[in-house]
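Chemist: One structure, pasted below without further comment.
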Amino acid sequence: MNTARTYLIALFLLTPVLLQAGGFSRLPIGARTVSLGGSLVSFSDDPNVVFYNPAGIASLKSLSIATSYTQLFPGIADDNLQYFSGSATVNLDFLGNVGVGIKVFNSNVWKENELIGSYAHEVADFLSVGGSVKLLYWSVPAPSGRLAQPEPGLSKLTLSFDAGAQTLIRDIFPENDLRVGLFVGDLTRPSIAHNGSEDGKLNFKFAMGATYLSRSYDYAATVHYTIVGVVKRYGIGAEFSALKTTMMGQPVELLIRVGGGGLIDPGKQGDLNGGFGLQVAGFTFDYAYTHQTELQYVNGTHHLSLRYSF
């Protein structure tokens with residue numbers, strides 16, 4: 001595949017994001033997130049929720065850590081589009097919960113990093129609130145090649161802020177709960193342009209979602225809706241327990257997940273996702289596969305994650 005086609009494909013995928021000043025911010029973090037439609041805004045049992053709704057970490061009662069890796073479109077030979085993440089949350093008892101997260105995206109022509117610090121607290125038995133401070137860094141290397149114009153590379157470091165809330169309706173039906181999440185991001189709309197241009201300002205983000213949790217049948221169904229500037233996206237997903245057993249005295253559970261989503265605009269791309277989670281004691285290995293429904297000449301994307309709760 002030639003270089004021109006490589007970048008056309010990458011730009012086609014990321015155009016709705018790049019128009020919102022920042023290509024990486026909307027890539028899903030964690031294999032579980034991917035297979036559930038792209039968001040954890042209404043989840044509270046995963047340290048990766050720090051990237052989607054800081055209020056969600058308030059329900060985690062032990063030290064939890066997670067890491068993930070994704071190589072986008074492995075069929076593209078002219079670039080190496082990859083990103084990875086790490087997150088951790090810790091419970092401080094009556095003081096609430098704190099969390100940290102890091103995201104790193106790399107390509108030949110764009111690098112973007114994000115460091116997050118979050119705090120959340122259960123203000124009532126049914127309500128959690130939280131906020132995040134984000135340190136954003138992006139860079140573009142100097143042009144290279146025989147025909148490249150002599151220009152310096154560019155980089156920018158800036159701060160941004162997020163906030164969120166979650167409410168839990170217990171026993172909406174016997175042994176069934178409903179968790180609803182709201183998130184607002186980049187409240188101060190900082191610019192990532194080197195010269196502070198208005199065109200480089202991050203757009204205000206809004207997300208809302210609901211997750212139906214069945215304790216009697218061990219499944220979860222979720223739906224979410226996000227707005228970033230003029231870009232609107234929906235996602236749906238389901239997770240259910242396929243197997244529970246023990247191995248060498250340790251509990252083992254296999255979770256199956258399916259989901260998908262797309263932009264709310266006729267003719268725009270969507271995705272279909274599937275995956276699984278394998279839990280052994282406190283460890284969870286998550287895998288997801290993404291199939292882009294309208295992109296041709298590229299392979300599907302594999303997502304790998306590890307989580308552990310102490």
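Identifiers in this document derive from the order of the structure tokens: chains are assigned A, B, ..., residues are numbered from 1 separately in each chain, and ligands are numbered from 1 in order of occurrence.
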For stretch 194-237 of chain A versus stretch 23-42 of chain A, which residues have an atom no more than 6 Å away, and what is each residue's nearest atom pair and distance in Å rounded to one decimal, using only C-alpha atoms, chain-then-number order, as a Markdown table?

Modeler:
| residue | atom | partner | partner_atom | distance |
| --- | --- | --- | --- | --- |
| A:Gly209 | CA | A:Ser42 | CA | 5.4 |
| A:Ala210 | CA | A:Ser42 | CA | 5.5 |
| A:Thr211 | CA | A:Ser42 | CA | 5.9 |
| A:Gly235 | CA | A:Gly37 | CA | 4.5 |
| A:Ile236 | CA | A:Gly37 | CA | 4.9 |
| A:Gly237 | CA | A:Leu36 | CA | 4.0 |

Chemist: Mind checking which residues fall within 9 Å of A:Leu159, counting only C-alpha atoms, ignoring those fewer than 6 positions away in the same chain, and posting them as a PyMOL selection string?

Modeler: chain A and resi 133-137+186+188+190

Chemist: Report, in Å to a single decimal, how far apart atom CA of A:Gly185 and atom CA of A:Ser197 are.

Modeler: 19.7 Å

Chemist: Got a sec: who's within 8 Å of A:Ala165, counting only C-alpha atoms, leaving out chain neighbours fewer than 3 positions off, as an NGL selection string?

Modeler: :A and (53-56 or 127-130 or 181-183)

Chemist: Could you please take those selected residues and save C-alpha atoms as a compact mmCIF listing (two decimals), in the first residue's frame?

Modeler:
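Writing the result to again.txt gives the following:
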# COMPACT_ATOMS: atom_id res chain seq x y z
CA ASN A 53 -16.20 9.41 33.79
CA PRO A 54 -14.17 10.19 36.92
CA ALA A 55 -17.24 9.62 39.09
CA GLY A 56 -17.11 5.91 38.18
CA LEU A 127 -24.82 9.25 43.89
CA SER A 128 -21.12 9.67 43.03
CA VAL A 129 -19.37 12.74 41.65
CA GLY A 130 -15.84 13.22 40.38
CA GLY A 181 -23.64 8.30 34.06
CA LEU A 182 -23.09 11.88 32.85
CA PHE A 183 -19.77 13.36 31.75

Chemist: Write out as a PyMOL selection string each polymer residue whose atoms come within 8 Å of A:Leu178, counting only C-alpha atoms; drop sequence neighbours fewer than 4 positions from it.

Modeler: chain A and resi 168-172+210-213

Chemist: For A:Lys103, work out the shell of residues within 10 Å, counting only C-alpha atoms and skipping chain neighbours fewer than 6 positions away, then give it as a ChimeraX atom specification.

Modeler: /A:24-25,29,51,67-68,83-87,112-116,136

Chemist: Using the selection just defined, write its residues with N, CA, C and O atoms as an mmCIF file, in the first residue's frame.

Modeler:
data_model
loop_
_atom_site.group_PDB
_atom_site.id
_atom_site.type_symbol
_atom_site.label_atom_id
_atom_site.label_comp_id
_atom_site.auth_asym_id
_atom_site.auth_seq_id
_atom_site.Cartn_x
_atom_site.Cartn_y
_atom_site.Cartn_z
ATOM 1 N N PHE A 24 -6.473 11.804 18.937
ATOM 2 C CA PHE A 24 -6.396 10.632 19.788
ATOM 3 C C PHE A 24 -7.481 10.587 20.850
ATOM 4 O O PHE A 24 -7.827 9.513 21.348
ATOM 5 N N SER A 25 -8.028 11.723 21.211
ATOM 6 C CA SER A 25 -8.853 11.808 22.413
ATOM 7 C C SER A 25 -10.079 10.911 22.371
ATOM 8 O O SER A 25 -10.610 10.557 23.413
ATOM 9 N N ILE A 29 -10.282 3.323 24.938
ATOM 10 C CA ILE A 29 -9.211 2.824 25.792
ATOM 11 C C ILE A 29 -9.664 1.525 26.450
ATOM 12 O O ILE A 29 -10.660 1.493 27.163
ATOM 13 N N PHE A 51 -10.890 7.333 32.297
ATOM 14 C CA PHE A 51 -10.826 8.049 31.029
ATOM 15 C C PHE A 51 -12.196 8.504 30.527
ATOM 16 O O PHE A 51 -12.271 9.316 29.602
ATOM 17 N N THR A 67 -3.856 -1.984 32.048
ATOM 18 C CA THR A 67 -3.028 -1.529 30.943
ATOM 19 C C THR A 67 -3.592 -2.101 29.653
ATOM 20 O O THR A 67 -4.251 -3.155 29.664
ATOM 21 N N SER A 68 -3.371 -1.419 28.543
ATOM 22 C CA SER A 68 -3.898 -1.904 27.266
ATOM 23 C C SER A 68 -2.983 -1.485 26.127
ATOM 24 O O SER A 68 -2.212 -0.521 26.242
ATOM 25 N N TYR A 83 -1.298 2.715 20.011
ATOM 26 C CA TYR A 83 -1.460 3.464 21.246
ATOM 27 C C TYR A 83 -1.593 2.498 22.412
ATOM 28 O O TYR A 83 -1.994 1.350 22.250
ATOM 29 N N PHE A 84 -1.197 2.971 23.587
ATOM 30 C CA PHE A 84 -1.336 2.167 24.780
ATOM 31 C C PHE A 84 -1.747 3.062 25.939
ATOM 32 O O PHE A 84 -1.667 4.294 25.873
ATOM 33 N N SER A 85 -2.204 2.438 27.012
ATOM 34 C CA SER A 85 -2.693 3.191 28.155
ATOM 35 C C SER A 85 -2.372 2.450 29.438
ATOM 36 O O SER A 85 -2.098 1.243 29.445
ATOM 37 N N GLY A 86 -2.429 3.163 30.524
ATOM 38 C CA GLY A 86 -2.314 2.586 31.845
ATOM 39 C C GLY A 86 -3.176 3.370 32.807
ATOM 40 O O GLY A 86 -3.351 4.587 32.647
ATOM 41 N N SER A 87 -3.756 2.708 33.787
ATOM 42 C CA SER A 87 -4.596 3.392 34.758
ATOM 43 C C SER A 87 -4.522 2.674 36.093
ATOM 44 O O SER A 87 -4.212 1.477 36.163
ATOM 45 N N GLU A 112 0.694 12.046 20.513
ATOM 46 C CA GLU A 112 -0.201 12.703 21.456
ATOM 47 C C GLU A 112 -0.226 11.920 22.765
ATOM 48 O O GLU A 112 -0.446 10.707 22.769
ATOM 49 N N ASN A 113 0.018 12.601 23.873
ATOM 50 C CA ASN A 113 0.053 11.989 25.190
ATOM 51 C C ASN A 113 -0.921 12.697 26.119
ATOM 52 O O ASN A 113 -1.175 13.904 25.968
ATOM 53 N N GLU A 114 -1.423 11.948 27.081
ATOM 54 C CA GLU A 114 -2.372 12.522 28.036
ATOM 55 C C GLU A 114 -2.148 11.897 29.407
ATOM 56 O O GLU A 114 -2.086 10.673 29.538
ATOM 57 N N LEU A 115 -1.995 12.743 30.413
ATOM 58 C CA LEU A 115 -1.835 12.302 31.793
ATOM 59 C C LEU A 115 -3.019 12.826 32.599
ATOM 60 O O LEU A 115 -3.301 14.029 32.570
ATOM 61 N N ILE A 116 -3.707 11.917 33.313
ATOM 62 C CA ILE A 116 -4.934 12.267 34.022
ATOM 63 C C ILE A 116 -4.776 12.001 35.511
ATOM 64 O O ILE A 116 -4.240 10.961 35.912
ATOM 65 N N LEU A 136 -2.107 17.580 28.699
ATOM 66 C CA LEU A 136 -2.115 17.155 27.303
ATOM 67 C C LEU A 136 -0.837 17.607 26.605
ATOM 68 O O LEU A 136 -0.406 18.759 26.756
#

Chemist: Extract the full set of strand (DSSP E or B) residues from stretch 118-229 of chain A according to DSSP on the backbone, and format it as an mmCIF file with N, CA and C atoms, in the first residue's frame.

Modeler:
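As written to disk, selection_25.cif reads:
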data_model
loop_
_atom_site.group_PDB
_atom_site.id
_atom_site.type_symbol
_atom_site.label_atom_id
_atom_site.label_comp_id
_atom_site.auth_asym_id
_atom_site.auth_seq_id
_atom_site.Cartn_x
_atom_site.Cartn_y
_atom_site.Cartn_z
ATOM 1 N N SER A 118 -7.482 11.989 38.811
ATOM 2 C CA SER A 118 -8.917 12.066 39.091
ATOM 3 C C SER A 118 -9.209 11.881 40.574
ATOM 4 N N TYR A 119 -10.329 12.460 40.992
ATOM 5 C CA TYR A 119 -10.825 12.276 42.357
ATOM 6 C C TYR A 119 -12.333 12.063 42.279
ATOM 7 N N ALA A 120 -12.846 11.141 43.100
ATOM 8 C CA ALA A 120 -14.282 10.872 43.124
ATOM 9 C C ALA A 120 -14.721 10.558 44.545
ATOM 10 N N HIS A 121 -15.987 10.824 44.812
ATOM 11 C CA HIS A 121 -16.517 10.590 46.153
ATOM 12 C C HIS A 121 -17.996 10.222 46.043
ATOM 13 N N GLU A 122 -18.408 9.272 46.892
ATOM 14 C CA GLU A 122 -19.824 8.914 46.980
ATOM 15 C C GLU A 122 -20.494 9.880 47.954
ATOM 16 N N VAL A 123 -21.209 10.853 47.414
ATOM 17 C CA VAL A 123 -21.838 11.867 48.255
ATOM 18 C C VAL A 123 -23.137 11.358 48.875
ATOM 19 N N ALA A 124 -23.656 10.276 48.343
ATOM 20 C CA ALA A 124 -24.844 9.626 48.893
ATOM 21 C C ALA A 124 -24.787 8.162 48.490
ATOM 22 N N LEU A 127 -25.381 8.209 44.746
ATOM 23 C CA LEU A 127 -24.822 9.250 43.888
ATOM 24 C C LEU A 127 -23.327 9.404 44.116
ATOM 25 N N SER A 128 -22.559 9.430 42.997
ATOM 26 C CA SER A 128 -21.122 9.674 43.030
ATOM 27 C C SER A 128 -20.800 10.834 42.095
ATOM 28 N N VAL A 129 -19.828 11.639 42.497
ATOM 29 C CA VAL A 129 -19.366 12.743 41.651
ATOM 30 C C VAL A 129 -17.851 12.687 41.588
ATOM 31 N N GLY A 130 -17.283 13.247 40.527
ATOM 32 C CA GLY A 130 -15.837 13.224 40.382
ATOM 33 C C GLY A 130 -15.348 14.254 39.388
ATOM 34 N N GLY A 131 -14.058 14.501 39.422
ATOM 35 C CA GLY A 131 -13.435 15.433 38.494
ATOM 36 C C GLY A 131 -12.034 14.997 38.137
ATOM 37 N N SER A 132 -11.526 15.493 37.007
ATOM 38 C CA SER A 132 -10.193 15.131 36.524
ATOM 39 C C SER A 132 -9.440 16.365 36.057
ATOM 40 N N VAL A 133 -8.139 16.337 36.282
ATOM 41 C CA VAL A 133 -7.211 17.298 35.694
ATOM 42 C C VAL A 133 -6.375 16.550 34.668
ATOM 43 N N LYS A 134 -6.264 17.091 33.464
ATOM 44 C CA LYS A 134 -5.551 16.411 32.384
ATOM 45 C C LYS A 134 -4.399 17.286 31.879
ATOM 46 N N LEU A 135 -3.258 16.664 31.719
ATOM 47 C CA LEU A 135 -2.105 17.303 31.109
ATOM 48 C C LEU A 135 -1.965 16.736 29.700
ATOM 49 N N LEU A 136 -2.107 17.580 28.699
ATOM 50 C CA LEU A 136 -2.115 17.155 27.303
ATOM 51 C C LEU A 136 -0.837 17.607 26.605
ATOM 52 N N TYR A 137 -0.265 16.698 25.847
ATOM 53 C CA TYR A 137 0.948 17.022 25.092
ATOM 54 C C TYR A 137 0.832 16.430 23.696
ATOM 55 N N TRP A 138 1.111 17.215 22.692
ATOM 56 C CA TRP A 138 1.141 16.697 21.330
ATOM 57 C C TRP A 138 2.371 17.247 20.612
ATOM 58 N N SER A 139 2.805 16.538 19.600
ATOM 59 C CA SER A 139 3.958 17.000 18.833
ATOM 60 C C SER A 139 3.886 16.483 17.406
ATOM 61 N N VAL A 140 4.436 17.278 16.524
ATOM 62 C CA VAL A 140 4.553 16.930 15.104
ATOM 63 C C VAL A 140 6.024 17.072 14.738
ATOM 64 N N LEU A 154 6.781 20.893 15.734
ATOM 65 C CA LEU A 154 5.931 21.660 16.641
ATOM 66 C C LEU A 154 5.495 20.783 17.799
ATOM 67 N N SER A 155 5.275 21.412 18.954
ATOM 68 C CA SER A 155 4.752 20.686 20.109
ATOM 69 C C SER A 155 4.014 21.666 21.010
ATOM 70 N N LYS A 156 3.148 21.119 21.888
ATOM 71 C CA LYS A 156 2.367 21.969 22.789
ATOM 72 C C LYS A 156 2.008 21.178 24.030
ATOM 73 N N LEU A 157 2.044 21.856 25.180
ATOM 74 C CA LEU A 157 1.668 21.282 26.461
ATOM 75 C C LEU A 157 0.587 22.160 27.065
ATOM 76 N N THR A 158 -0.528 21.558 27.503
ATOM 77 C CA THR A 158 -1.623 22.358 28.048
ATOM 78 C C THR A 158 -2.419 21.549 29.059
ATOM 79 N N LEU A 159 -3.263 22.242 29.828
ATOM 80 C CA LEU A 159 -4.110 21.625 30.838
ATOM 81 C C LEU A 159 -5.565 21.635 30.403
ATOM 82 N N SER A 160 -6.326 20.637 30.892
ATOM 83 C CA SER A 160 -7.758 20.586 30.648
ATOM 84 C C SER A 160 -8.435 19.942 31.860
ATOM 85 N N PHE A 161 -9.758 20.060 31.917
ATOM 86 C CA PHE A 161 -10.495 19.591 33.081
ATOM 87 C C PHE A 161 -11.777 18.878 32.655
ATOM 88 N N ASP A 162 -12.114 17.802 33.394
ATOM 89 C CA ASP A 162 -13.338 17.038 33.165
ATOM 90 C C ASP A 162 -14.117 16.925 34.467
ATOM 91 N N ALA A 163 -15.400 16.593 34.354
ATOM 92 C CA ALA A 163 -16.242 16.349 35.531
ATOM 93 C C ALA A 163 -17.300 15.321 35.163
ATOM 94 N N GLY A 164 -17.808 14.614 36.172
ATOM 95 C CA GLY A 164 -18.814 13.595 35.896
ATOM 96 C C GLY A 164 -19.618 13.241 37.120
ATOM 97 N N ALA A 165 -20.693 12.509 36.888
ATOM 98 C CA ALA A 165 -21.566 12.042 37.970
ATOM 99 C C ALA A 165 -22.174 10.708 37.561
ATOM 100 N N GLN A 166 -22.482 9.895 38.565
ATOM 101 C CA GLN A 166 -23.172 8.633 38.345
ATOM 102 C C GLN A 166 -24.225 8.438 39.432
ATOM 103 N N THR A 167 -25.332 7.851 39.037
ATOM 104 C CA THR A 167 -26.352 7.490 40.005
ATOM 105 C C THR A 167 -26.743 6.034 39.800
ATOM 106 N N LEU A 168 -27.011 5.354 40.908
ATOM 107 C CA LEU A 168 -27.359 3.934 40.868
ATOM 108 C C LEU A 168 -28.766 3.742 41.406
ATOM 109 N N ILE A 169 -29.612 3.153 40.586
ATOM 110 C CA ILE A 169 -30.973 2.814 41.005
ATOM 111 C C ILE A 169 -30.981 1.319 41.298
ATOM 112 N N ARG A 170 -30.957 0.974 42.563
ATOM 113 C CA ARG A 170 -30.900 -0.431 42.963
ATOM 114 C C ARG A 170 -32.275 -1.080 42.870
ATOM 115 N N ASP A 171 -32.251 -2.330 42.441
ATOM 116 C CA ASP A 171 -33.469 -3.148 42.385
ATOM 117 C C ASP A 171 -34.592 -2.438 41.635
ATOM 118 N N ILE A 172 -34.216 -1.889 40.453
ATOM 119 C CA ILE A 172 -35.259 -1.319 39.605
ATOM 120 C C ILE A 172 -36.267 -2.400 39.248
ATOM 121 N N PHE A 173 -35.775 -3.618 39.144
ATOM 122 C CA PHE A 173 -36.540 -4.856 39.214
ATOM 123 C C PHE A 173 -35.789 -5.743 40.205
ATOM 124 N N ASN A 176 -32.004 -6.566 39.892
ATOM 125 C CA ASN A 176 -31.574 -5.854 38.690
ATOM 126 C C ASN A 176 -31.382 -4.378 39.029
ATOM 127 N N ASP A 177 -30.244 -3.823 38.625
ATOM 128 C CA ASP A 177 -29.919 -2.430 38.912
ATOM 129 C C ASP A 177 -29.755 -1.643 37.613
ATOM 130 N N LEU A 178 -29.870 -0.335 37.744
ATOM 131 C CA LEU A 178 -29.637 0.568 36.616
ATOM 132 C C LEU A 178 -28.665 1.649 37.061
ATOM 133 N N ARG A 179 -27.549 1.774 36.325
ATOM 134 C CA ARG A 179 -26.564 2.813 36.623
ATOM 135 C C ARG A 179 -26.541 3.804 35.465
ATOM 136 N N VAL A 180 -26.654 5.087 35.783
ATOM 137 C CA VAL A 180 -26.684 6.156 34.786
ATOM 138 C C VAL A 180 -25.494 7.075 35.020
ATOM 139 N N GLY A 181 -24.803 7.438 33.939
ATOM 140 C CA GLY A 181 -23.638 8.302 34.055
ATOM 141 C C GLY A 181 -23.728 9.516 33.149
ATOM 142 N N LEU A 182 -23.191 10.637 33.625
ATOM 143 C CA LEU A 182 -23.092 11.881 32.853
ATOM 144 C C LEU A 182 -21.652 12.369 32.924
ATOM 145 N N PHE A 183 -21.160 12.907 31.819
ATOM 146 C CA PHE A 183 -19.773 13.357 31.749
ATOM 147 C C PHE A 183 -19.690 14.624 30.912
ATOM 148 N N VAL A 184 -18.883 15.573 31.377
ATOM 149 C CA VAL A 184 -18.563 16.769 30.591
ATOM 150 C C VAL A 184 -17.051 16.903 30.588
ATOM 151 N N GLY A 185 -16.479 17.167 29.426
ATOM 152 C CA GLY A 185 -15.031 17.177 29.295
ATOM 153 C C GLY A 185 -14.484 18.420 28.635
ATOM 154 N N SER A 191 -6.493 25.353 23.877
ATOM 155 C CA SER A 191 -6.030 25.202 22.495
ATOM 156 C C SER A 191 -4.775 24.349 22.464
ATOM 157 N N LYS A 201 -8.674 24.954 19.395
ATOM 158 C CA LYS A 201 -9.311 24.733 20.683
ATOM 159 C C LYS A 201 -10.027 23.381 20.731
ATOM 160 N N LYS A 205 -16.953 18.459 25.461
ATOM 161 C CA LYS A 205 -17.432 17.089 25.300
ATOM 162 C C LYS A 205 -18.586 16.821 26.258
ATOM 163 N N PHE A 206 -19.536 16.061 25.776
ATOM 164 C CA PHE A 206 -20.653 15.638 26.625
ATOM 165 C C PHE A 206 -20.946 14.169 26.338
ATOM 166 N N ALA A 207 -21.151 13.402 27.395
ATOM 167 C CA ALA A 207 -21.504 11.990 27.226
ATOM 168 C C ALA A 207 -22.518 11.597 28.288
ATOM 169 N N MET A 208 -23.420 10.750 27.898
ATOM 170 C CA MET A 208 -24.374 10.182 28.848
ATOM 171 C C MET A 208 -24.602 8.722 28.484
ATOM 172 N N GLY A 209 -24.875 7.915 29.489
ATOM 173 C CA GLY A 209 -25.081 6.499 29.218
ATOM 174 C C GLY A 209 -25.811 5.824 30.356
ATOM 175 N N ALA A 210 -26.290 4.636 30.076
ATOM 176 C CA ALA A 210 -26.993 3.841 31.079
ATOM 177 C C ALA A 210 -26.593 2.384 30.912
ATOM 178 N N THR A 211 -26.426 1.706 32.046
ATOM 179 C CA THR A 211 -26.081 0.290 32.049
ATOM 180 C C THR A 211 -27.067 -0.460 32.932
ATOM 181 N N TYR A 212 -27.668 -1.473 32.340
ATOM 182 C CA TYR A 212 -28.611 -2.328 33.059
ATOM 183 C C TYR A 212 -27.859 -3.555 33.538
ATOM 184 N N LEU A 213 -27.853 -3.777 34.850
ATOM 185 C CA LEU A 213 -27.064 -4.851 35.449
ATOM 186 C C LEU A 213 -27.993 -5.886 36.070
ATOM 187 N N SER A 214 -27.922 -7.102 35.582
ATOM 188 C CA SER A 214 -28.716 -8.196 36.134
ATOM 189 C C SER A 214 -27.843 -9.053 37.036
ATOM 190 N N TYR A 219 -25.490 -10.553 33.602
ATOM 191 C CA TYR A 219 -25.238 -9.868 32.341
ATOM 192 C C TYR A 219 -25.390 -8.365 32.546
ATOM 193 N N ALA A 220 -24.843 -7.626 31.607
ATOM 194 C CA ALA A 220 -24.959 -6.174 31.594
ATOM 195 C C ALA A 220 -25.233 -5.728 30.167
ATOM 196 N N ALA A 221 -26.138 -4.775 30.015
ATOM 197 C CA ALA A 221 -26.434 -4.186 28.709
ATOM 198 C C ALA A 221 -26.269 -2.678 28.835
ATOM 199 N N THR A 222 -25.586 -2.081 27.883
ATOM 200 C CA THR A 222 -25.270 -0.658 28.009
ATOM 201 C C THR A 222 -25.536 0.090 26.715
ATOM 202 N N VAL A 223 -25.832 1.370 26.854
ATOM 203 C CA VAL A 223 -26.016 2.261 25.717
ATOM 204 C C VAL A 223 -25.454 3.620 26.110
ATOM 205 N N HIS A 224 -24.835 4.301 25.162
ATOM 206 C CA HIS A 224 -24.320 5.631 25.471
ATOM 207 C C HIS A 224 -24.402 6.521 24.237
ATOM 208 N N TYR A 225 -24.285 7.825 24.504
ATOM 209 C CA TYR A 225 -24.400 8.848 23.466
ATOM 210 C C TYR A 225 -23.395 9.938 23.789
ATOM 211 N N THR A 226 -22.584 10.342 22.821
ATOM 212 C CA THR A 226 -21.570 11.354 23.050
ATOM 213 C C THR A 226 -21.664 12.464 22.006
ATOM 214 N N ILE A 227 -21.292 13.653 22.432
ATOM 215 C CA ILE A 227 -21.228 14.814 21.544
ATOM 216 C C ILE A 227 -19.875 15.477 21.739
ATOM 217 N N VAL A 228 -19.139 15.667 20.663
ATOM 218 C CA VAL A 228 -17.871 16.407 20.683
ATOM 219 C C VAL A 228 -17.961 17.442 19.572
#

Chemist: Could you check how far atom CA of A:Val50 sits from atom CA of A:Ser216, in Å to one decimal?

Modeler: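 So the two atoms, atom CA of A:Val50 and atom CA of A:Ser216, lie 27.6 Å apart.
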
Chemist: Could you tell me how far atom CA of A:Leu95 sits from atom CA of A:Asp125, in Å to one decimal place?

Modeler: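 Rounded to one decimal, the two atoms are 14.9 Å apart.
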